[in-house]
Amino acid sequence: MPSTRSQTQAAIDFPRRKHPRTPGGPPGDCKDAPSISSQEKVLPLSPRKRLGGDNLCNVPQSLPCSPTKQSKKENELPSASHRGRCLFFSERPAAGSPGKRNDVVPFPLHKWQETPRSSERSRLSKKTGCMQLFKQEGTCYQQAKSVLHTAVPDQLLAREKEADIIRQFLKKHVCQEKPGSLYVSGAPGTGKTACLSRILQDLQNDLPGSKTIVLNCMSLSSSQAVFPAIAEQLGQQGSSKVAGRDLVRKLEKQLTAEETPMTVLMLDEMDQLDSKGQDVLYTVFEWPWLAGSRLILIGVANALDLTDRILARLQARPKCKPQLLNFPPYTKEQIAAILQERLKQVSGSQVLDSTAIQFCARKVSAVSGDARKALDVCRRAIEIVELDVRSQTVLKPLPGCKSPATAALVSPVPKKVELLHISRVISEVYGDRMALGSGGASDQFPLQQKILVCSLLLLARQLKAKEVTLGKLHEAYSRVCRQQQMAAVAQSECLSLATLLESRGILTLKKAKEARLTKVSLKIEERDVEHALKDGVLVGNILAGGRL
């Protein structure tokens, strides 16, 4: 077959790829290379194979940021003898040779994995060669939880007025050896017991020659058990074997003896001494007014009107009527101040965020004003954050390594307890009873208490009865909340709301063995409900329905 190629067309020879030449070095093996004259230069077709001035893109010196072309040998996986940089998780280098790491199995960083950023990290890892992964420390959280306990604090905030009244009462009666009685009332968690305990501890040196007896009536098996407990504190042996009336006479004889020192008797949870005919309470309140009595009685309970409602006979004897002192519920400002004062005792940065403290104070004050619940909420939120932090690991310098580069990688500020953690505790632990809307600053009654009073008023009208059980009241209250499109509290918290209203003198409670059987009645007149709650619009809307 005849050739179709023109005889005059020149053939282009493609040179074989040779080994890279060193500058100024001798050329490689060129036996197979064609001879090309100096006047006629044949350029390779591929620009990538052009060198020097033939292709301006291929400069002799590569830019610093561009990676060099790697040969096939460089792209191969490294052998087991290669050692690279690695992180230490548990083992430390030997003390004598901190630079050697042959005793730790490394995780090498290969050349083919290197990038500009990885090269920077490798340089930084050389500077921070004394870093290790450690578990997060939770010392600050433990300190915060310890200061948020519910024990008696060294300083009582927002109770200065009540504390002054108690001090004056004790100094007047003990120093002048005058018998007397004081009844302290208030909702749970308002600082009654804490305030009295702190004052009694502080006045031990100021009241010489006196004896202090503190009893919690919740720990007694029955109301009659208070007499053996008092006799034991006064030093009477075998008082438990003495009959009730004989023991009372022995106590009265000892309390009226001249050689008996002035005795301060504090009965906490005094309403637990409720008995048939109220004989125990009447006996205790009459002791200070016996002839030659050496007793100063301090009773503590939740009900504001216990002496007026239960002990009606004391009204006929003005001398036996005790002095009254009421502890109002804490406001949101007071609860926030209490939390902030406690947390100041923790060294370092504040663990709780300020917005979280304000949120907790607002929610707790809207339900009960109980400072103990606010402390419990914050302590539980700290535990949640502490568990989260302890499950993490951080890169920290080894002991004795104090370079500036390692110090920059360690964050001294712990994870703070934020509003989200407080909200989670309130919703999970305490349910919906604190997820309530807050009223105005001038409101004296929280919203849920107003709804509970209106529900009791409606239920009393429907049943035509003055007293209803707490179980029926909670059902009526839940229906009213659904009608008003509001969140209702649980039945267990409904008793707390009723107790708080009892301390305000709005409701009357008659406790039973089961909480749902507690008798609840309205103490004020129906026409005074709107004035007492100071919310005519809400009361009007609820009462306008007229049905449950």
# chains A, B, ... in the order shown; residues from 1 in each chain; ligands from 1
call {"tool": "residues_around", "arguments": {"residues": "Asn326 in chain A", "least_positions_apart": "2", "cutoff": "8 Å", "atoms": "only C-alpha atoms", "output": "compact mmCIF listing (two decimals) with N, CA, C and O atoms, in the first residue's frame"}}
result
# COMPACT_ATOMS: atom_id res chain seq x y z
N VAL A 184 -44.12 32.29 116.26
CA VAL A 184 -43.53 32.68 114.98
C VAL A 184 -44.23 31.89 113.88
O VAL A 184 -44.25 30.64 113.91
N SER A 185 -44.80 32.57 112.90
CA SER A 185 -45.53 31.92 111.81
C SER A 185 -44.91 32.32 110.48
O SER A 185 -44.16 33.29 110.37
N GLY A 186 -45.24 31.55 109.45
CA GLY A 186 -44.74 31.82 108.11
C GLY A 186 -44.74 30.58 107.26
O GLY A 186 -44.74 29.45 107.77
N LEU A 304 -50.74 31.23 110.22
CA LEU A 304 -50.67 32.57 110.80
C LEU A 304 -51.59 32.70 112.00
O LEU A 304 -51.26 33.39 112.97
N LEU A 324 -47.00 37.74 118.67
CA LEU A 324 -47.03 37.17 117.32
C LEU A 324 -45.94 37.81 116.45
O LEU A 324 -45.69 39.01 116.53
N PRO A 328 -42.90 36.85 106.25
CA PRO A 328 -43.52 36.82 104.91
C PRO A 328 -42.67 36.02 103.92
O PRO A 328 -41.47 35.82 104.15
call {"tool": "select_by_dssp", "arguments": {"residues": "range 122-344 of chain A", "states": "strand (DSSP E)", "output": "number ranges by chain"}}
result
A: 131-135, 180-186, 210-216, 262-268, 295-301, 323-327
call {"tool": "write_last_selection", "arguments": {"atoms": "N, CA, C and O atoms", "output": "short mmCIF file (atom, residue, chain, number, x, y, z; two decimals), in the first residue's frame"}}
result
data_model
loop_
_atom_site.label_atom_id
_atom_site.label_comp_id
_atom_site.auth_asym_id
_atom_site.auth_seq_id
_atom_site.Cartn_x
_atom_site.Cartn_y
_atom_site.Cartn_z
N MET A 131 2.20 18.32 76.65
CA MET A 131 0.75 18.38 76.89
C MET A 131 0.20 16.96 76.99
O MET A 131 0.70 16.03 76.38
N GLN A 132 -0.85 16.82 77.80
CA GLN A 132 -1.54 15.55 77.94
C GLN A 132 -3.03 15.79 78.03
O GLN A 132 -3.47 16.90 78.35
N LEU A 133 -3.81 14.76 77.76
CA LEU A 133 -5.26 14.82 77.93
C LEU A 133 -5.61 14.43 79.36
O LEU A 133 -5.19 13.39 79.85
N PHE A 134 -6.36 15.30 80.04
CA PHE A 134 -6.78 15.06 81.41
C PHE A 134 -8.29 15.18 81.50
O PHE A 134 -8.92 15.86 80.69
N LYS A 135 -8.85 14.57 82.53
CA LYS A 135 -10.26 14.78 82.85
C LYS A 135 -10.46 16.17 83.42
O LYS A 135 -9.61 16.68 84.13
N GLY A 180 -42.61 34.43 129.37
CA GLY A 180 -43.37 34.94 128.23
C GLY A 180 -43.44 33.91 127.13
O GLY A 180 -42.83 32.83 127.21
N SER A 181 -44.17 34.25 126.08
CA SER A 181 -44.33 33.32 124.94
C SER A 181 -44.34 34.12 123.65
O SER A 181 -44.84 35.25 123.60
N LEU A 182 -43.77 33.52 122.60
CA LEU A 182 -43.69 34.12 121.27
C LEU A 182 -44.10 33.07 120.25
O LEU A 182 -43.60 31.94 120.28
N TYR A 183 -45.01 33.44 119.35
CA TYR A 183 -45.44 32.53 118.29
C TYR A 183 -44.95 33.08 116.96
O TYR A 183 -45.32 34.19 116.55
N VAL A 184 -44.12 32.29 116.26
CA VAL A 184 -43.53 32.68 114.98
C VAL A 184 -44.23 31.89 113.88
O VAL A 184 -44.25 30.64 113.91
N SER A 185 -44.80 32.57 112.90
CA SER A 185 -45.53 31.92 111.81
C SER A 185 -44.91 32.32 110.48
O SER A 185 -44.16 33.29 110.37
N GLY A 186 -45.24 31.55 109.45
CA GLY A 186 -44.74 31.82 108.11
C GLY A 186 -44.74 30.58 107.26
O GLY A 186 -44.74 29.45 107.77
N SER A 210 -28.91 30.78 131.58
CA SER A 210 -30.15 30.30 130.96
C SER A 210 -29.92 28.96 130.28
O SER A 210 -28.78 28.60 129.95
N LYS A 211 -31.00 28.22 130.08
CA LYS A 211 -30.94 26.91 129.43
C LYS A 211 -31.83 26.93 128.20
O LYS A 211 -32.96 27.44 128.25
N THR A 212 -31.34 26.38 127.11
CA THR A 212 -32.07 26.39 125.84
C THR A 212 -32.42 24.96 125.46
O THR A 212 -31.55 24.08 125.45
N ILE A 213 -33.68 24.74 125.14
CA ILE A 213 -34.18 23.43 124.69
C ILE A 213 -34.85 23.63 123.33
O ILE A 213 -35.74 24.47 123.19
N VAL A 214 -34.41 22.88 122.33
CA VAL A 214 -34.96 22.95 120.97
C VAL A 214 -35.52 21.59 120.62
O VAL A 214 -34.79 20.58 120.65
N LEU A 215 -36.80 21.52 120.28
CA LEU A 215 -37.47 20.28 119.89
C LEU A 215 -38.18 20.47 118.56
O LEU A 215 -38.85 21.49 118.36
N ASN A 216 -38.05 19.48 117.69
CA ASN A 216 -38.81 19.47 116.44
C ASN A 216 -39.98 18.50 116.63
O ASN A 216 -39.77 17.29 116.77
N MET A 262 -33.58 30.22 134.03
CA MET A 262 -34.52 30.64 132.98
C MET A 262 -34.36 29.70 131.78
O MET A 262 -33.26 29.54 131.24
N THR A 263 -35.46 29.09 131.37
CA THR A 263 -35.45 28.06 130.32
C THR A 263 -36.14 28.58 129.07
O THR A 263 -37.30 29.03 129.13
N VAL A 264 -35.43 28.54 127.95
CA VAL A 264 -35.98 28.93 126.65
C VAL A 264 -36.36 27.64 125.93
O VAL A 264 -35.49 26.85 125.56
N LEU A 265 -37.66 27.43 125.71
CA LEU A 265 -38.17 26.24 125.04
C LEU A 265 -38.66 26.61 123.64
O LEU A 265 -39.62 27.36 123.49
N MET A 266 -37.97 26.09 122.63
CA MET A 266 -38.35 26.34 121.23
C MET A 266 -38.97 25.07 120.67
O MET A 266 -38.32 24.02 120.58
N LEU A 267 -40.23 25.15 120.25
CA LEU A 267 -40.95 24.02 119.66
C LEU A 267 -41.18 24.31 118.18
O LEU A 267 -42.04 25.12 117.81
N ASP A 268 -40.38 23.67 117.34
CA ASP A 268 -40.52 23.82 115.90
C ASP A 268 -41.62 22.91 115.39
O ASP A 268 -41.83 21.81 115.92
N LEU A 295 -40.15 29.81 132.55
CA LEU A 295 -40.18 29.32 131.16
C LEU A 295 -40.44 30.46 130.19
O LEU A 295 -41.30 31.31 130.42
N ILE A 296 -39.68 30.45 129.09
CA ILE A 296 -39.90 31.35 127.95
C ILE A 296 -40.17 30.46 126.75
O ILE A 296 -39.29 29.72 126.29
N LEU A 297 -41.39 30.49 126.22
CA LEU A 297 -41.84 29.60 125.15
C LEU A 297 -41.77 30.31 123.81
O LEU A 297 -42.23 31.45 123.67
N ILE A 298 -41.19 29.62 122.82
CA ILE A 298 -41.16 30.10 121.43
C ILE A 298 -41.73 28.98 120.57
O ILE A 298 -41.13 27.90 120.45
N GLY A 299 -42.89 29.21 119.98
CA GLY A 299 -43.52 28.24 119.09
C GLY A 299 -43.37 28.65 117.64
O GLY A 299 -43.46 29.84 117.30
N VAL A 300 -43.13 27.68 116.77
CA VAL A 300 -42.92 27.93 115.34
C VAL A 300 -43.86 27.02 114.56
O VAL A 300 -43.92 25.81 114.81
N ALA A 301 -44.62 27.61 113.63
CA ALA A 301 -45.54 26.84 112.78
C ALA A 301 -45.81 27.64 111.51
O ALA A 301 -45.40 28.80 111.38
N GLN A 323 -47.03 36.70 122.04
CA GLN A 323 -46.65 37.73 121.08
C GLN A 323 -46.50 37.08 119.70
O GLN A 323 -45.93 35.98 119.58
N LEU A 324 -47.00 37.74 118.67
CA LEU A 324 -47.03 37.17 117.32
C LEU A 324 -45.94 37.81 116.45
O LEU A 324 -45.69 39.01 116.53
N LEU A 325 -45.33 36.98 115.60
CA LEU A 325 -44.33 37.43 114.63
C LEU A 325 -44.49 36.60 113.37
O LEU A 325 -44.39 35.37 113.42
N ASN A 326 -44.72 37.28 112.24
CA ASN A 326 -44.93 36.58 110.97
C ASN A 326 -43.75 36.82 110.04
O ASN A 326 -43.24 37.94 109.92
N PHE A 327 -43.31 35.74 109.38
CA PHE A 327 -42.25 35.80 108.36
C PHE A 327 -42.91 35.76 106.99
O PHE A 327 -43.42 34.71 106.59
#
call {"tool": "residues_around", "arguments": {"residues": "Ser368 in chain A", "least_positions_apart": "3", "cutoff": "8 Å", "atoms": "only C-alpha atoms", "output": "MDAnalysis selection string"}}
result
chainID A and resid 187 329 364:365 496:497 500
call {"tool": "write_last_selection", "arguments": {"atoms": "N, CA and C atoms", "output": "PDB file, in the first residue's frame"}}
result
ATOM      1  N   ALA A 187     -44.759  30.768 105.962  1.00  0.00           N
ATOM      2  CA  ALA A 187     -44.777  29.642 105.020  1.00  0.00           C
ATOM      3  C   ALA A 187     -43.463  28.874 105.091  1.00  0.00           C
ATOM      4  N   PRO A 329     -43.257  35.559 102.811  1.00  0.00           N
ATOM      5  CA  PRO A 329     -42.467  34.834 101.802  1.00  0.00           C
ATOM      6  C   PRO A 329     -41.404  35.736 101.191  1.00  0.00           C
ATOM      7  N   VAL A 364     -39.306  30.683  91.531  1.00  0.00           N
ATOM      8  CA  VAL A 364     -39.577  30.163  92.877  1.00  0.00           C
ATOM      9  C   VAL A 364     -40.459  31.132  93.650  1.00  0.00           C
ATOM     10  N   SER A 365     -40.202  32.430  93.526  1.00  0.00           N
ATOM     11  CA  SER A 365     -41.023  33.408  94.252  1.00  0.00           C
ATOM     12  C   SER A 365     -42.451  33.444  93.728  1.00  0.00           C
ATOM     13  N   SER A 496     -48.998  22.987  99.092  1.00  0.00           N
ATOM     14  CA  SER A 496     -48.063  24.062  99.438  1.00  0.00           C
ATOM     15  C   SER A 496     -48.679  25.435  99.180  1.00  0.00           C
ATOM     16  N   LEU A 497     -49.388  25.549  98.067  1.00  0.00           N
ATOM     17  CA  LEU A 497     -50.075  26.816  97.782  1.00  0.00           C
ATOM     18  C   LEU A 497     -51.128  27.112  98.842  1.00  0.00           C
ATOM     19  N   LEU A 500     -49.458  28.260 102.012  1.00  0.00           N
ATOM     20  CA  LEU A 500     -49.026  29.650 101.894  1.00  0.00           C
ATOM     21  C   LEU A 500     -50.198  30.612 102.041  1.00  0.00           C
TER      22      LEU A 500
END
call {"tool": "closest_residue", "arguments": {"among": "A:Leu420, A:Ala194, A:Thr307, A:Ala229", "to": "Leu281 in chain A", "atoms": "only C-alpha atoms"}}
result
A:Thr307
call {"tool": "atom_distance", "arguments": {"atom1": "CA of Leu148 in chain A", "atom2": "CA of Ser354 in chain A"}}
result
15.6 Å
call {"tool": "closest_residue", "arguments": {"among": "A:Leu507, A:Arg313, A:Tyr141, A:Gly369", "to": "Glu386 in chain A", "atoms": "only C-alpha atoms"}}
result
A:Tyr141
call {"tool": "atom_distance", "arguments": {"atom1": "CA of Ile382 in chain A", "atom2": "CA of Arg362 in chain A"}}
result
18.4 Å
call {"tool": "atom_distance", "arguments": {"atom1": "CA of Lys519 in chain A", "atom2": "CA of Leu470 in chain A"}}
result
6.3 Å
